[in-house]
>>> print(open('entry10.cif').read())   # mmCIF, C-alpha atoms
data_run
#
loop_
_atom_site.group_PDB
_atom_site.id
_atom_site.type_symbol
_atom_site.label_atom_id
_atom_site.label_comp_id
_atom_site.auth_asym_id
_atom_site.auth_seq_id
_atom_site.Cartn_x
_atom_site.Cartn_y
_atom_site.Cartn_z
ATOM 1 C CA MET A 1 -99.863 52.659 16.074
ATOM 2 C CA LEU A 2 -103.016 52.144 18.141
ATOM 3 C CA LYS A 3 -102.329 48.397 18.332
ATOM 4 C CA ARG A 4 -98.848 49.024 19.714
ATOM 5 C CA LEU A 5 -100.161 51.548 22.224
ATOM 6 C CA THR A 6 -102.896 49.142 23.338
ATOM 7 C CA GLY A 7 -100.330 46.360 23.624
ATOM 8 C CA LEU A 8 -98.079 48.579 25.745
ATOM 9 C CA VAL A 9 -100.966 49.566 28.023
ATOM 10 C CA LYS A 10 -101.992 45.921 28.473
ATOM 11 C CA SER A 11 -98.398 44.858 29.227
ATOM 12 C CA ILE A 12 -97.970 47.607 31.822
ATOM 13 C CA GLU A 13 -101.296 46.740 33.427
ATOM 14 C CA ARG A 14 -100.434 43.018 33.541
ATOM 15 C CA LEU A 15 -97.202 43.898 35.355
ATOM 16 C CA THR A 16 -99.059 46.251 37.694
ATOM 17 C CA VAL A 17 -101.649 43.604 38.580
ATOM 18 C CA ALA A 18 -99.026 40.876 39.047
ATOM 19 C CA VAL A 19 -96.890 42.996 41.377
ATOM 20 C CA GLY A 20 -99.968 44.249 43.247
ATOM 21 C CA ARG A 21 -101.359 40.768 43.785
ATOM 22 C CA ALA A 22 -97.981 39.485 44.948
ATOM 23 C CA ALA A 23 -97.663 42.434 47.334
ATOM 24 C CA SER A 24 -101.174 41.840 48.674
ATOM 25 C CA TRP A 25 -99.890 38.689 50.357
ATOM 26 C CA CYS A 26 -97.979 41.015 52.668
ATOM 27 C CA THR A 27 -101.329 41.750 54.310
ATOM 28 C CA LEU A 28 -101.516 38.181 55.563
ATOM 29 C CA ALA A 29 -97.884 38.368 56.700
ATOM 30 C CA VAL A 30 -98.543 41.590 58.647
ATOM 31 C CA VAL A 31 -101.571 40.088 60.414
ATOM 32 C CA LEU A 32 -99.907 36.769 61.261
ATOM 33 C CA LEU A 33 -96.650 38.354 62.379
ATOM 34 C CA GLY A 34 -98.516 40.962 64.418
ATOM 35 C CA PHE A 35 -100.436 38.178 66.130
ATOM 36 C CA ALA A 36 -97.172 36.308 66.779
ATOM 37 C CA VAL A 37 -95.525 39.413 68.284
ATOM 38 C CA VAL A 38 -98.468 39.986 70.644
ATOM 39 C CA LEU A 39 -98.624 36.313 71.584
ATOM 40 C CA LEU A 40 -94.892 36.101 72.241
ATOM 41 C CA ARG A 41 -94.737 39.344 74.202
ATOM 42 C CA TYR A 42 -97.839 39.100 76.379
ATOM 43 C CA VAL A 43 -98.269 35.344 76.768
ATOM 44 C CA LEU A 44 -94.683 34.105 76.757
ATOM 45 C CA GLY A 45 -92.906 37.294 77.865
ATOM 46 C CA PHE A 46 -90.565 37.238 74.856
ATOM 47 C CA GLY A 47 -89.970 40.250 72.604
ATOM 48 C CA SER A 48 -88.489 40.117 69.123
ATOM 49 C CA ILE A 49 -87.153 43.151 67.294
ATOM 50 C CA TRP A 50 -86.572 40.929 64.270
ATOM 51 C CA LEU A 51 -90.296 40.092 64.078
ATOM 52 C CA GLN A 52 -91.314 43.715 64.643
ATOM 53 C CA GLU A 53 -89.051 44.898 61.839
ATOM 54 C CA THR A 54 -90.393 42.150 59.577
ATOM 55 C CA ILE A 55 -93.877 43.618 60.080
ATOM 56 C CA ILE A 56 -92.559 47.061 59.082
ATOM 57 C CA TYR A 57 -90.918 45.617 55.946
ATOM 58 C CA ALA A 58 -94.072 43.746 54.933
ATOM 59 C CA HIS A 59 -96.182 46.842 55.563
ATOM 60 C CA ALA A 60 -93.845 48.975 53.430
ATOM 61 C CA ALA A 61 -93.831 46.368 50.651
ATOM 62 C CA LEU A 62 -97.621 46.206 50.678
ATOM 63 C CA PHE A 63 -98.207 49.926 50.348
ATOM 64 C CA LEU A 64 -95.320 50.799 48.064
ATOM 65 C CA LEU A 65 -95.660 47.888 45.648
ATOM 66 C CA ALA A 66 -99.470 47.804 45.492
ATOM 67 C CA ALA A 67 -99.946 51.562 44.963
ATOM 68 C CA ALA A 68 -99.837 51.310 41.162
ATOM 69 C CA TRP A 69 -102.421 48.511 41.308
ATOM 70 C CA ALA A 70 -104.674 50.745 43.419
ATOM 71 C CA LEU A 71 -104.269 53.484 40.798
ATOM 72 C CA LYS A 72 -105.172 51.060 38.007
ATOM 73 C CA GLU A 73 -108.279 49.869 39.847
ATOM 74 C CA GLY A 74 -109.366 53.414 40.762
ATOM 75 C CA GLY A 75 -108.819 52.743 44.466
ATOM 76 C CA HIS A 76 -106.686 55.833 45.021
ATOM 77 C CA VAL A 77 -107.833 59.050 46.630
ATOM 78 C CA ARG A 78 -109.786 61.267 44.271
ATOM 79 C CA VAL A 79 -112.227 64.107 44.803
ATOM 80 C CA ASP A 80 -115.325 62.514 43.275
ATOM 81 C CA VAL A 81 -117.674 65.471 43.676
ATOM 82 C CA PHE A 82 -117.433 66.379 39.978
ATOM 83 C CA TYR A 83 -115.601 63.370 38.556
ATOM 84 C CA ALA A 84 -118.335 60.837 39.449
ATOM 85 C CA THR A 85 -120.980 62.613 37.374
ATOM 86 C CA ALA A 86 -118.693 63.651 34.508
ATOM 87 C CA SER A 87 -118.928 62.228 31.012
ATOM 88 C CA PRO A 88 -116.399 59.580 29.924
ATOM 89 C CA ARG A 89 -114.680 62.198 27.745
ATOM 90 C CA THR A 90 -114.329 64.632 30.674
ATOM 91 C CA LYS A 91 -113.066 61.824 32.907
ATOM 92 C CA SER A 92 -110.473 60.939 30.271
ATOM 93 C CA LEU A 93 -109.364 64.561 30.055
ATOM 94 C CA VAL A 94 -109.002 64.739 33.859
ATOM 95 C CA ASP A 95 -107.104 61.421 33.896
ATOM 96 C CA LEU A 96 -104.790 62.542 31.095
ATOM 97 C CA CYS A 97 -104.005 65.907 32.689
ATOM 98 C CA GLY A 98 -103.624 64.353 36.135
ATOM 99 C CA ALA A 99 -101.188 61.740 34.838
ATOM 100 C CA LEU A 100 -99.145 64.176 32.729
ATOM 101 C CA PHE A 101 -98.984 67.158 35.068
ATOM 102 C CA LEU A 102 -99.174 65.606 38.549
ATOM 103 C CA LEU A 103 -98.482 61.870 38.659
ATOM 104 C CA LEU A 104 -95.592 61.533 36.199
ATOM 105 C CA PRO A 105 -93.608 64.560 37.453
ATOM 106 C CA PHE A 106 -94.015 63.308 41.029
ATOM 107 C CA ALA A 107 -92.922 59.771 40.116
ATOM 108 C CA VAL A 108 -89.925 60.979 38.089
ATOM 109 C CA ALA A 109 -88.813 63.353 40.887
ATOM 110 C CA LEU A 110 -89.183 60.614 43.488
ATOM 111 C CA LEU A 111 -87.185 58.202 41.338
ATOM 112 C CA TRP A 112 -84.511 60.833 40.692
ATOM 113 C CA PHE A 113 -84.065 61.788 44.343
ATOM 114 C CA SER A 114 -84.365 58.289 45.798
ATOM 115 C CA LEU A 115 -81.787 56.576 43.589
ATOM 116 C CA PRO A 116 -78.674 58.085 45.268
ATOM 117 C CA TYR A 117 -80.208 57.318 48.683
ATOM 118 C CA VAL A 118 -80.795 53.681 47.728
ATOM 119 C CA ILE A 119 -77.423 53.319 45.976
ATOM 120 C CA ARG A 120 -75.607 54.528 49.130
ATOM 121 C CA SER A 121 -77.597 52.053 51.195
ATOM 122 C CA TRP A 122 -76.667 49.193 48.853
ATOM 123 C CA ALA A 123 -72.998 50.292 48.790
ATOM 124 C CA ILE A 124 -72.687 49.734 52.533
ATOM 125 C CA LEU A 125 -75.297 46.931 52.725
ATOM 126 C CA GLU A 126 -77.110 48.989 55.336
ATOM 127 C CA ARG A 127 -78.368 47.096 58.357
ATOM 128 C CA SER A 128 -80.825 47.833 61.127
ATOM 129 C CA ARG A 129 -79.615 50.084 63.947
ATOM 130 C CA GLU A 130 -80.959 47.544 66.409
ATOM 131 C CA THR A 131 -78.569 44.782 67.445
ATOM 132 C CA SER A 132 -81.010 41.977 66.716
ATOM 133 C CA GLY A 133 -82.750 43.769 63.840
ATOM 134 C CA LEU A 134 -82.883 42.714 60.217
ATOM 135 C CA PRO A 135 -79.721 43.252 58.177
ATOM 136 C CA LEU A 136 -81.761 44.217 55.098
ATOM 137 C CA VAL A 137 -82.427 47.957 55.318
ATOM 138 C CA PHE A 138 -80.964 48.353 51.816
ATOM 139 C CA LEU A 139 -83.724 46.076 50.472
ATOM 140 C CA LEU A 140 -86.371 48.050 52.323
ATOM 141 C CA LYS A 141 -85.114 51.287 50.773
ATOM 142 C CA THR A 142 -85.242 49.668 47.321
ATOM 143 C CA PHE A 143 -89.034 49.695 47.564
ATOM 144 C CA ILE A 144 -88.967 53.505 47.152
ATOM 145 C CA PRO A 145 -87.658 53.647 43.555
ATOM 146 C CA ALA A 146 -89.682 50.502 42.752
ATOM 147 C CA PHE A 147 -92.790 52.384 43.918
ATOM 148 C CA ALA A 148 -91.881 55.388 41.762
ATOM 149 C CA LEU A 149 -91.179 53.245 38.701
ATOM 150 C CA LEU A 150 -94.385 51.197 39.015
ATOM 151 C CA LEU A 151 -96.429 54.346 39.584
ATOM 152 C CA ALA A 152 -94.815 56.046 36.571
ATOM 153 C CA LEU A 153 -95.495 53.027 34.361
ATOM 154 C CA GLN A 154 -99.119 52.910 35.448
ATOM 155 C CA GLY A 155 -99.326 56.678 34.893
ATOM 156 C CA VAL A 156 -98.097 56.182 31.324
ATOM 157 C CA ALA A 157 -100.727 53.473 30.812
ATOM 158 C CA GLN A 158 -103.440 55.704 32.283
ATOM 159 C CA ALA A 159 -102.403 58.648 30.106
ATOM 160 C CA ALA A 160 -102.242 56.470 26.968
ATOM 161 C CA ARG A 161 -105.665 54.969 27.660
ATOM 162 C CA ALA A 162 -107.162 58.437 28.261
ATOM 163 C CA ALA A 163 -105.511 59.889 25.142
ATOM 164 C CA ALA A 164 -106.815 56.997 23.037
ATOM 165 C CA LEU A 165 -110.333 57.498 24.367
ATOM 166 C CA LEU A 166 -110.151 61.239 23.740
ATOM 167 C CA SER A 167 -108.910 60.818 20.189
ATOM 168 C CA PHE A 168 -111.582 58.280 19.232
ATOM 169 C CA SER A 169 -114.639 59.729 20.941
ATOM 170 C CA ARG A 170 -116.249 62.728 19.390
ATOM 171 C CA PRO A 171 -117.836 65.419 21.532
ATOM 172 C CA THR A 172 -121.603 65.684 21.215
ATOM 173 C CA LYS A 173 -123.496 68.892 20.540
ATOM 174 C CA ARG A 174 -126.305 69.949 22.835
ATOM 175 C CA GLY A 175 -129.445 68.008 22.198
ATOM 176 C CA GLU A 176 -127.680 65.496 19.919
ATOM 177 C CA ARG A 177 -127.672 61.837 20.840
ATOM 178 C CA LYS A 178 -124.404 59.997 20.987
ATOM 179 C CA ASN A 179 -124.270 56.680 19.078
#
>>> encode(input="entry10.cif", output="C-alpha cells")
Amino acid sequence: MLKRLTGLVKSIERLTVAVGRAASWCTLAVVLLGFAVVLLRYVLGFGSIWLQETIIYAHAALFLLAAAWALKEGGHVRVDVFYATASPRTKSLVDLCGALFLLLPFAVALLWFSLPYVIRSWAILERSRETSGLPLVFLLKTFIPAFALLLALQGVAQAARAAALLSFSRPTKRGERKN
C-alpha cells in the first residue's frame, strides 16, 4: 500500500515539475514580447494588439500552469511565523489539514464552476473582441480548469506525503530523544 502511495506521489510530482518547467519558458516569452511591443511602438511607431494579447496569454499560462509547481517547491504564500519553527510532525499535520480542508475544496469548486464556462467558449471557438486580436480565447480559458486540476493533483500528493509522514513518525514525550 505504501509503495503504491509513494509511486502515485512521485508520478504526480513528476507531472507537476514537467508542466511547471515547461510553463516557466513563458517568462522568457513575456520579456521578449514585451521588449518587442515597446520597440515597435516607441521606435517604429507601430502597435500590435496581437503581440499584446500574446503577452497576456503567456503571462496567464505561466501563473496558472506553474502554480502547482510552486506549491510543490514550497514557493507559495504561507504564514511562516509558527510553521518555520514547528516540528516535522506539526508541519505535516498543517500540510495535511491545509490540503484536505482548504486546497482540495477550492480546486474542486474551481474545476466545477469553470468547466461550463470553458465548454461554452470551446463551443463557439471564442475569439478576441479586438479585430486584430488572437482568435484563441477558448484556449486561454482552458488554463483555468488545467490550473484547478494540477493544483488538486499536487494537493493530493501533498496530503498523501503528509499522511505517510504522520503515520510513520511517532510523537516524542517531553525530555525524550527522538531516534
>>> closest_residue(input="entry10.cif", among="A:Cys26, A:Leu115, A:Val156, A:Val19", to="Leu102 in chain A", atoms="all atoms listed in the file")
A:Val156
>>> resolve_selection(input="entry10.cif", expression="the PyMOL selection byres ((chain A and resi 126) around 10)", output="PyMOL selection string")
chain A and resi 118+120-125+127-129+134-141
>>> residues_around(input="entry10.cif", residues="Ala146 in chain A", least_positions_apart="3", cutoff="9 Å", atoms="all atoms listed in the file", output="MDAnalysis selection string")
chainID A and resid 64:65 111 142:143 149:151
>>> atom_distance(input="entry10.cif", atom1="CA of Ser87 in chain A", atom2="CA of Ala160 in chain A")
18.1 Å
>>> atom_distance(input="entry10.cif", atom1="CA of Leu62 in chain A", atom2="CA of Ile12 in chain A")
18.9 Å
>>> residues_around(input="entry10.cif", residues="Trp25 in chain A", least_positions_apart="6", cutoff="12 Å", atoms="all atoms listed in the file", output="ChimeraX atom specification")
/A:18-19,31-32,58-59,61-63,65-66
>>> atom_distance(input="entry10.cif", atom1="CA of Leu96 in chain A", atom2="CA of Leu153 in chain A")
13.7 Å
>>> resolve_selection(input="entry10.cif", expression="the PyMOL selection byres ((chain A and resi 158) around 12)", output="VMD selection string")
chain A and resid 5 to 6 8 to 10 12 to 13 16 68 to 69 71 to 74 91 to 100 103 to 104 151 to 157 159 to 165
>>> axis_aligned_box(input="entry10.cif", around="range 92-104 of chain A", padding_each_side="3 Å", output="JSON")
{"center_x": -103.0, "center_y": 64.0, "center_z": 34.4, "size_x": 20.9, "size_y": 12.2, "size_z": 14.6}
>>> closest_residue(input="entry10.cif", among="A:Ile55, A:Leu28, A:Ala23, A:Leu166", to="Thr90 in chain A", atoms="only C-alpha atoms")
A:Leu166
>>> closest_residue(input="entry10.cif", among="A:Gly133, A:Ile144, A:Ala60, A:Arg78", to="Ser48 in chain A", atoms="only C-alpha atoms")
A:Gly133
